[in-house]
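Colleague: Sharing input30.cif, mmCIF, C-alpha atoms; chains and numbers go by the auth columns:
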data_entry
#
loop_
_atom_site.group_PDB
_atom_site.id
_atom_site.type_symbol
_atom_site.label_atom_id
_atom_site.label_comp_id
_atom_site.label_asym_id
_atom_site.label_seq_id
_atom_site.Cartn_x
_atom_site.Cartn_y
_atom_site.Cartn_z
_atom_site.B_iso_or_equiv
_atom_site.auth_seq_id
_atom_site.auth_asym_id
ATOM 1 C CA MET A 1 3.949 1.574 25.447 0.00 10 A
ATOM 2 C CA ILE A 2 2.411 1.932 22.005 0.00 11 A
ATOM 3 C CA ASP A 3 -0.613 4.208 21.705 0.00 12 A
ATOM 4 C CA SER A 4 -3.021 1.973 19.772 0.00 13 A
ATOM 5 C CA LYS A 5 -5.205 4.997 18.957 0.00 14 A
ATOM 6 C CA LYS A 6 -2.400 6.219 16.694 0.00 15 A
ATOM 7 C CA ILE A 7 -2.556 2.978 14.693 0.00 16 A
ATOM 8 C CA ILE A 8 -5.581 3.138 12.434 0.00 17 A
ATOM 9 C CA PHE A 9 -5.371 -0.119 10.499 0.00 18 A
ATOM 10 C CA LYS A 10 -4.686 -2.906 12.973 0.00 19 A
ATOM 11 C CA LYS A 11 -5.219 -5.754 10.534 0.00 20 A
ATOM 12 C CA THR A 12 -5.005 -6.245 6.821 0.00 21 A
ATOM 13 C CA PHE A 13 -6.098 -8.860 4.324 0.00 22 A
ATOM 14 C CA PHE A 14 -3.199 -8.710 1.872 0.00 23 A
ATOM 15 C CA ASN A 15 -2.655 -11.795 -0.313 0.00 24 A
ATOM 16 C CA THR A 16 1.092 -12.380 0.026 0.00 25 A
ATOM 17 C CA LYS A 17 0.911 -15.549 -2.075 0.00 26 A
ATOM 18 C CA LYS A 18 -0.349 -13.582 -5.108 0.00 27 A
ATOM 19 C CA PHE A 19 2.146 -10.805 -4.407 0.00 28 A
ATOM 20 C CA PHE A 20 5.143 -13.151 -4.310 0.00 29 A
ATOM 21 C CA LYS A 21 3.951 -14.773 -7.534 0.00 30 A
ATOM 22 C CA ILE A 22 3.933 -11.353 -9.243 0.00 31 A
ATOM 23 C CA ILE A 23 7.453 -10.530 -8.022 0.00 32 A
ATOM 24 C CA ARG A 24 8.949 -14.011 -8.413 0.00 33 A
ATOM 25 C CA ASN A 25 11.634 -12.719 -10.843 0.00 34 A
ATOM 26 C CA TYR A 26 12.771 -9.903 -8.566 0.00 35 A
ATOM 27 C CA TYR A 27 15.022 -9.907 -5.518 0.00 36 A
ATOM 28 C CA SER A 28 14.232 -6.880 -3.355 0.00 37 A
ATOM 29 C CA VAL A 29 11.105 -4.947 -2.302 0.00 38 A
ATOM 30 C CA LEU A 30 10.396 -1.622 -0.637 0.00 39 A
ATOM 31 C CA ASP A 31 7.022 -1.909 1.114 0.00 40 A
ATOM 32 C CA TYR A 32 6.158 1.791 1.281 0.00 41 A
ATOM 33 C CA GLY A 33 3.437 2.352 3.871 0.00 42 A
ATOM 34 C CA CYS A 34 3.871 -1.148 5.271 0.00 43 A
ATOM 35 C CA GLY A 35 1.578 -0.619 8.269 0.00 44 A
ATOM 36 C CA ILE A 36 1.856 -3.426 10.805 0.00 45 A
ATOM 37 C CA GLY A 37 3.524 -5.716 8.241 0.00 46 A
ATOM 38 C CA VAL A 38 1.774 -8.378 6.187 0.00 47 A
ATOM 39 C CA TYR A 39 4.562 -10.942 5.771 0.00 48 A
ATOM 40 C CA GLN A 40 5.202 -14.110 7.729 0.00 49 A
ATOM 41 C CA ASP A 41 8.499 -14.829 5.984 0.00 50 A
ATOM 42 C CA SER A 42 10.225 -14.158 2.703 0.00 51 A
ATOM 43 C CA LYS A 43 13.107 -15.306 0.537 0.00 52 A
ATOM 44 C CA LYS A 44 13.151 -11.780 -0.900 0.00 53 A
ATOM 45 C CA LYS A 45 14.891 -8.844 0.760 0.00 54 A
ATOM 46 C CA ILE A 46 12.050 -6.695 2.130 0.00 55 A
ATOM 47 C CA PHE A 47 12.528 -3.112 3.307 0.00 56 A
ATOM 48 C CA LEU A 48 9.627 -1.981 5.505 0.00 57 A
ATOM 49 C CA TYR A 49 8.784 1.712 5.678 0.00 58 A
ATOM 50 C CA ASP A 50 5.843 3.567 7.166 0.00 59 A
ATOM 51 C CA LYS A 51 5.685 7.236 8.091 0.00 60 A
ATOM 52 C CA ASN A 52 3.662 6.379 11.204 0.00 61 A
ATOM 53 C CA LYS A 53 6.436 6.297 13.828 0.00 62 A
ATOM 54 C CA PHE A 54 4.185 4.423 16.274 0.00 63 A
ATOM 55 C CA LEU A 55 4.487 1.296 14.131 0.00 64 A
ATOM 56 C CA TYR A 56 8.257 0.846 14.542 0.00 65 A
ATOM 57 C CA LYS A 57 8.019 -1.013 17.843 0.00 66 A
ATOM 58 C CA ILE A 58 5.463 -3.422 16.387 0.00 67 A
ATOM 59 C CA LEU A 59 7.526 -3.986 13.240 0.00 68 A
ATOM 60 C CA LYS A 60 10.753 -4.422 15.192 0.00 69 A
ATOM 61 C CA LYS A 61 9.188 -7.014 17.485 0.00 70 A
ATOM 62 C CA LYS A 62 7.609 -8.848 14.554 0.00 71 A
ATOM 63 C CA TYR A 63 10.636 -8.882 12.215 0.00 72 A
ATOM 64 C CA GLN A 64 13.802 -8.464 14.300 0.00 73 A
ATOM 65 C CA LYS A 65 14.731 -12.158 14.065 0.00 74 A
ATOM 66 C CA LYS A 66 13.915 -12.475 10.363 0.00 75 A
ATOM 67 C CA LYS A 67 17.069 -11.935 8.331 0.00 76 A
ATOM 68 C CA ASN A 68 15.410 -10.848 5.060 0.00 77 A
ATOM 69 C CA PHE A 69 13.498 -7.950 6.622 0.00 78 A
ATOM 70 C CA LYS A 70 14.865 -4.509 7.323 0.00 79 A
ATOM 71 C CA ILE A 71 12.830 -1.791 9.014 0.00 80 A
ATOM 72 C CA ILE A 72 13.800 1.644 7.711 0.00 81 A
ATOM 73 C CA ARG A 73 12.902 5.117 8.965 0.00 82 A
ATOM 74 C CA LYS A 74 13.404 6.807 5.587 0.00 83 A
ATOM 75 C CA PRO A 75 12.439 5.264 2.253 0.00 84 A
ATOM 76 C CA ILE A 76 15.211 4.039 -0.047 0.00 85 A
ATOM 77 C CA TYR A 77 14.630 4.796 -3.722 0.00 86 A
ATOM 78 C CA LYS A 78 17.731 3.211 -5.265 0.00 87 A
ATOM 79 C CA ASN A 79 19.009 -0.345 -5.776 0.00 88 A
ATOM 80 C CA ILE A 80 15.683 -2.034 -4.996 0.00 89 A
ATOM 81 C CA ASP A 81 13.738 -3.907 -7.682 0.00 90 A
ATOM 82 C CA VAL A 82 10.113 -3.467 -6.592 0.00 91 A
ATOM 83 C CA ILE A 83 8.127 -0.881 -4.674 0.00 92 A
ATOM 84 C CA LEU A 84 4.759 -1.844 -3.189 0.00 93 A
ATOM 85 C CA LEU A 85 2.281 0.832 -2.157 0.00 94 A
ATOM 86 C CA ASN A 86 -0.616 -1.091 -0.664 0.00 95 A
ATOM 87 C CA SER A 87 -3.604 1.045 0.333 0.00 96 A
ATOM 88 C CA CYS A 88 -1.496 4.213 0.262 0.00 97 A
ATOM 89 C CA LEU A 89 -2.401 6.029 -2.933 0.00 98 A
ATOM 90 C CA GLN A 90 -5.805 7.264 -1.771 0.00 99 A
ATOM 91 C CA TYR A 91 -4.239 9.025 1.219 0.00 100 A
ATOM 92 C CA LEU A 92 -1.782 11.119 -0.805 0.00 101 A
ATOM 93 C CA ASN A 93 -2.951 14.543 -1.935 0.00 102 A
ATOM 94 C CA GLU A 94 -1.967 15.643 -5.442 0.00 103 A
ATOM 95 C CA LYS A 95 1.221 17.404 -4.345 0.00 104 A
ATOM 96 C CA GLU A 96 2.362 14.425 -2.216 0.00 105 A
ATOM 97 C CA PHE A 97 1.570 12.026 -5.067 0.00 106 A
ATOM 98 C CA LYS A 98 3.578 14.026 -7.622 0.00 107 A
ATOM 99 C CA ILE A 99 6.572 14.299 -5.261 0.00 108 A
ATOM 100 C CA LEU A 100 6.479 10.556 -4.558 0.00 109 A
ATOM 101 C CA ALA A 101 6.031 9.736 -8.258 0.00 110 A
ATOM 102 C CA SER A 102 9.116 11.813 -9.120 0.00 111 A
ATOM 103 C CA LYS A 103 11.147 9.921 -6.490 0.00 112 A
ATOM 104 C CA ILE A 104 10.118 6.435 -7.552 0.00 113 A
ATOM 105 C CA ARG A 105 9.862 6.980 -11.307 0.00 114 A
ATOM 106 C CA ASN A 106 12.756 5.256 -13.105 0.00 115 A
ATOM 107 C CA ASN A 107 14.201 3.860 -9.853 0.00 116 A
ATOM 108 C CA PHE A 108 12.237 0.605 -9.704 0.00 117 A
ATOM 109 C CA LYS A 109 11.778 -2.192 -12.232 0.00 118 A
ATOM 110 C CA LEU A 110 8.270 -2.813 -10.921 0.00 119 A
ATOM 111 C CA ILE A 111 5.847 -0.456 -9.166 0.00 120 A
ATOM 112 C CA ILE A 112 2.792 -2.028 -7.563 0.00 121 A
ATOM 113 C CA PHE A 113 -0.097 0.113 -6.366 0.00 122 A
ATOM 114 C CA SER A 114 -2.616 -2.103 -4.605 0.00 123 A
ATOM 115 C CA ASP A 115 -5.994 -1.492 -2.980 0.00 124 A
ATOM 116 C CA ILE A 116 -6.740 1.473 -5.267 0.00 125 A
ATOM 117 C CA PRO A 117 -10.346 2.672 -4.977 0.00 126 A
ATOM 118 C CA LYS A 118 -12.332 2.403 -8.217 0.00 127 A
ATOM 119 C CA TYR A 119 -14.765 5.044 -6.963 0.00 128 A
ATOM 120 C CA SER A 120 -14.953 8.053 -4.662 0.00 129 A
ATOM 121 C CA ARG A 121 -15.406 7.375 -0.951 0.00 130 A
ATOM 122 C CA LEU A 122 -19.145 8.163 -1.106 0.00 131 A
ATOM 123 C CA ILE A 123 -19.840 5.831 -4.062 0.00 132 A
ATOM 124 C CA GLU A 124 -17.681 3.103 -2.527 0.00 133 A
ATOM 125 C CA GLY A 125 -19.641 3.412 0.736 0.00 134 A
ATOM 126 C CA ILE A 126 -22.980 3.091 -1.064 0.00 135 A
ATOM 127 C CA ILE A 127 -21.775 0.015 -2.992 0.00 136 A
ATOM 128 C CA LEU A 128 -20.428 -1.619 0.175 0.00 137 A
ATOM 129 C CA ILE A 129 -23.834 -1.332 1.877 0.00 138 A
ATOM 130 C CA PHE A 130 -25.127 -3.837 -0.682 0.00 139 A
ATOM 131 C CA ILE A 131 -22.166 -6.100 -1.420 0.00 140 A
ATOM 132 C CA ASN A 132 -20.213 -6.157 1.816 0.00 141 A
ATOM 133 C CA PRO A 133 -22.125 -4.892 4.859 0.00 142 A
ATOM 134 C CA LEU A 134 -19.328 -6.004 7.217 0.00 143 A
ATOM 135 C CA ARG A 135 -16.878 -3.740 5.393 0.00 144 A
ATOM 136 C CA ILE A 136 -19.243 -0.782 5.705 0.00 145 A
ATOM 137 C CA LEU A 137 -19.353 -1.429 9.477 0.00 146 A
ATOM 138 C CA GLU A 138 -15.551 -1.308 9.492 0.00 147 A
ATOM 139 C CA PHE A 139 -15.713 1.915 7.491 0.00 148 A
ATOM 140 C CA CYS A 140 -18.137 3.385 10.061 0.00 149 A
ATOM 141 C CA LYS A 141 -15.640 2.537 12.819 0.00 150 A
ATOM 142 C CA PHE A 142 -12.980 4.528 10.970 0.00 151 A
ATOM 143 C CA SER A 143 -15.412 7.425 10.612 0.00 152 A
ATOM 144 C CA PHE A 144 -15.176 8.025 14.358 0.00 153 A
ATOM 145 C CA ASN A 145 -11.367 7.873 14.427 0.00 154 A
ATOM 146 C CA ARG A 146 -9.868 11.396 14.402 0.00 155 A
ATOM 147 C CA ASN A 147 -6.543 10.098 13.060 0.00 156 A
ATOM 148 C CA TYR A 148 -8.327 8.546 10.085 0.00 157 A
ATOM 149 C CA HIS A 149 -9.947 11.881 9.230 0.00 158 A
ATOM 150 C CA LYS A 150 -6.519 13.515 9.170 0.00 159 A
ATOM 151 C CA LEU A 151 -5.489 11.189 6.350 0.00 160 A
ATOM 152 C CA GLY A 152 -7.834 12.654 3.748 0.00 161 A
ATOM 153 C CA PHE A 153 -9.046 10.632 0.777 0.00 162 A
ATOM 154 C CA TYR A 154 -8.071 11.327 -2.838 0.00 163 A
ATOM 155 C CA TYR A 155 -9.563 9.456 -5.766 0.00 164 A
ATOM 156 C CA ARG A 156 -7.501 8.937 -8.947 0.00 165 A
ATOM 157 C CA ASN A 157 -8.417 6.850 -11.962 0.00 166 A
ATOM 158 C CA GLN A 158 -5.921 4.589 -13.712 0.00 167 A
ATOM 159 C CA ASP A 159 -5.037 7.163 -16.401 0.00 168 A
ATOM 160 C CA GLN A 160 -4.288 9.824 -13.778 0.00 169 A
ATOM 161 C CA ILE A 161 -1.819 7.449 -12.133 0.00 170 A
ATOM 162 C CA VAL A 162 -0.176 6.041 -15.260 0.00 171 A
ATOM 163 C CA LYS A 163 0.503 9.439 -16.871 0.00 172 A
ATOM 164 C CA ASN A 164 3.043 10.111 -14.105 0.00 173 A
ATOM 165 C CA PHE A 165 5.100 7.053 -15.056 0.00 174 A
ATOM 166 C CA LYS A 166 6.309 7.406 -18.636 0.00 175 A
ATOM 167 C CA GLY A 167 8.596 4.539 -19.609 0.00 176 A
ATOM 168 C CA TYR A 168 6.449 1.992 -17.774 0.00 177 A
ATOM 169 C CA SER A 169 3.817 -0.336 -19.162 0.00 178 A
ATOM 170 C CA SER A 170 0.721 -0.747 -17.004 0.00 179 A
ATOM 171 C CA LYS A 171 -1.537 -3.648 -16.182 0.00 180 A
ATOM 172 C CA LYS A 172 -4.701 -3.545 -14.108 0.00 181 A
ATOM 173 C CA LYS A 173 -5.111 -6.653 -11.951 0.00 182 A
ATOM 174 C CA GLU A 174 -7.368 -8.052 -9.276 0.00 183 A
ATOM 175 C CA ASN A 175 -6.783 -6.392 -5.922 0.00 184 A
ATOM 176 C CA LEU A 176 -4.154 -7.982 -3.685 0.00 185 A
ATOM 177 C CA ASN A 177 -6.375 -7.180 -0.707 0.00 186 A
ATOM 178 C CA ASN A 178 -9.708 -8.887 -0.097 0.00 187 A
ATOM 179 C CA GLU A 179 -11.950 -6.164 -1.577 0.00 188 A
ATOM 180 C CA ASN A 180 -12.122 -6.781 -5.339 0.00 189 A
ATOM 181 C CA PHE A 181 -15.400 -5.207 -6.397 0.00 190 A
ATOM 182 C CA THR A 182 -14.499 -1.668 -5.350 0.00 191 A
ATOM 183 C CA ARG A 183 -10.677 -1.842 -5.449 0.00 192 A
ATOM 184 C CA TYR A 184 -7.926 -2.982 -7.819 0.00 193 A
ATOM 185 C CA THR A 185 -4.155 -3.361 -8.216 0.00 194 A
ATOM 186 C CA LEU A 186 -2.090 -1.531 -10.821 0.00 195 A
ATOM 187 C CA ILE A 187 1.280 -2.947 -11.863 0.00 196 A
ATOM 188 C CA LEU A 188 3.743 -0.718 -13.671 0.00 197 A
ATOM 189 C CA LYS A 189 6.700 -2.425 -15.319 0.00 198 A
ATOM 190 C CA ARG A 190 9.677 -0.526 -16.628 0.00 199 A
ATOM 191 C CA LYS A 191 9.984 -0.970 -20.387 0.00 200 A
#
When written as structure tokens, how does the structure in this file appear?
Modeller:
Amino acid sequence: MIDSKKIIFKKTFFNTKKFFKIIRNYYSVLDYGCGIGVYQDSKKKIFLYDKNKFLYKILKKKYQKKKNFKIIRKPIYKNIDVILLNSCLQYLNEKEFKILASKIRNNFKLIIFSDIPKYSRLIEGIILIFINPLRILEFCKFSFNRNYHKLGFYYRNQDQIVKNFKGYSSKKKENLNNENFTRYTLILKRK
């Protein structure tokens, strides 16, 4: 039995159509922090990784019969074209971010950070009150979840991210998730 209290984000609004358009010239993807999985199907080889061990049963059930998906317990940093970190960056402290950056730097042709907060959590909350009251209600729900509080929240601007990836060009794009006013996507392409 899966303890649903250990799974914080039970649904996501990731735009797979936009994502597959961005990666159309690439073959393989590591979805780092994949959560419950956002894909219905894929012609690409997709490696699904999340450090939350409670998600493996959900992922296995969802993708076991789909040949292009592989659920992995440890991330693979070699021989994969693209790494996607969707709504992950804000939960990595500075030390974790630098360690991850050193592992993925120069190992992927394309690095996609999506759902990056444009503002601190407080400012984002204030903005959401006015532009998306339903999202602020969702945020309030998370506020009472002890597991969510354990995640922490770390704001980084685009320059703070890009400086860790020398040898990559960067492009700021519309968020691949549904929140575009307070979040964005950053695509790093190896030069």
Colleague: So, with only C-alpha atoms as the atoms that count, which of A:Phe117, A:Phe190, A:Tyr128, A:Tyr100 lies closest to Tyr177 of chain A?
Modeller: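 Of A:Phe117, A:Phe190, A:Tyr128, A:Tyr100, the one nearest Tyr177 of chain A is A:Phe117, counting only C-alpha atoms.
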Colleague: Tell me which of A:Gly176, A:Gly44, A:Pro142, A:Gly161 sits closest to Ser129 of chain A, counting all atoms listed in the file.
Modeller: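 Counting all atoms listed in the file, the residue closest to Ser129 of chain A is A:Gly161.
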Colleague: May I have the residues at most 10 Å from (-6.2, -4.8, -6.9) in the file's coordinates, counting all atoms listed in the file, as a PyMOL selection string?
Modeller: chain A and resi 95-96+121-127+181-196
Colleague: On this structure, the PyMOL selection byres ((chain A and resi 37-40) around 9) would catch which residues? List them as a PyMOL selection string, sorted by chain and number.
Modeller: chain A and resi 32+35-36+41-43+46+53-59+84-86+88-95
Colleague: Write a file of the just-selected residues containing C-alpha atoms, as an mmCIF file, in the frame of the given file.
Modeller:
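result-v5.cif, written as the output of this step:
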data_model
loop_
_atom_site.group_PDB
_atom_site.id
_atom_site.type_symbol
_atom_site.label_atom_id
_atom_site.label_comp_id
_atom_site.auth_asym_id
_atom_site.auth_seq_id
_atom_site.Cartn_x
_atom_site.Cartn_y
_atom_site.Cartn_z
ATOM 1 C CA ILE A 32 7.453 -10.530 -8.022
ATOM 2 C CA TYR A 35 12.771 -9.903 -8.566
ATOM 3 C CA TYR A 36 15.022 -9.907 -5.518
ATOM 4 C CA TYR A 41 6.158 1.791 1.281
ATOM 5 C CA GLY A 42 3.437 2.352 3.871
ATOM 6 C CA CYS A 43 3.871 -1.148 5.271
ATOM 7 C CA GLY A 46 3.524 -5.716 8.241
ATOM 8 C CA LYS A 53 13.151 -11.780 -0.900
ATOM 9 C CA LYS A 54 14.891 -8.844 0.760
ATOM 10 C CA ILE A 55 12.050 -6.695 2.130
ATOM 11 C CA PHE A 56 12.528 -3.112 3.307
ATOM 12 C CA LEU A 57 9.627 -1.981 5.505
ATOM 13 C CA TYR A 58 8.784 1.712 5.678
ATOM 14 C CA ASP A 59 5.843 3.567 7.166
ATOM 15 C CA PRO A 84 12.439 5.264 2.253
ATOM 16 C CA ILE A 85 15.211 4.039 -0.047
ATOM 17 C CA TYR A 86 14.630 4.796 -3.722
ATOM 18 C CA ASN A 88 19.009 -0.345 -5.776
ATOM 19 C CA ILE A 89 15.683 -2.034 -4.996
ATOM 20 C CA ASP A 90 13.738 -3.907 -7.682
ATOM 21 C CA VAL A 91 10.113 -3.467 -6.592
ATOM 22 C CA ILE A 92 8.127 -0.881 -4.674
ATOM 23 C CA LEU A 93 4.759 -1.844 -3.189
ATOM 24 C CA LEU A 94 2.281 0.832 -2.157
ATOM 25 C CA ASN A 95 -0.616 -1.091 -0.664
#
Colleague: Could you check the closest approach to Tyr163 of chain A for each of A:Lys200, A:Lys70, A:Lys104, A:Lys112 and tell me which residue wins, using all atoms listed in the file?
Modeller: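 Ranking A:Lys200, A:Lys70, A:Lys104, A:Lys112 by distance to Tyr163 of chain A, first place goes to A:Lys104.
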Colleague: Please compute the atom CA of Lys69 of chain A-atom CA of Gln49 of chain A distance, one decimal, in Å.
Modeller: 13.4 Å
Colleague: Residues within 12 Å of (4.0, 14.0, -13.4), file coordinates, counting all atoms listed in the file: what are they? Give the list as a ChimeraX atom specification.
Modeller: /A:103-114,168-175
Colleague: Between atom CA of Ile80 of chain A and atom CA of Leu68 of chain A, what distance in Å does the model show, to one decimal?
Modeller: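 Taking atom CA of Ile80 of chain A and atom CA of Leu68 of chain A, their separation equals 7.1 Å.
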Colleague: Go through A:Asn141, A:Leu98, A:Phe29, A:Asp50 and flag the residue nearest Asn166 of chain A, using all atoms listed in the file for the distances.
Modeller: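 Of A:Asn141, A:Leu98, A:Phe29, A:Asp50, the one nearest Asn166 of chain A, counting all atoms listed in the file, is A:Leu98.
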Colleague: What separation in Å, quoted to one decimal, exists between atom CA of Asn77 of chain A and atom CA of Tyr48 of chain A?
Modeller: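 Those two atoms sit 10.9 Å apart.
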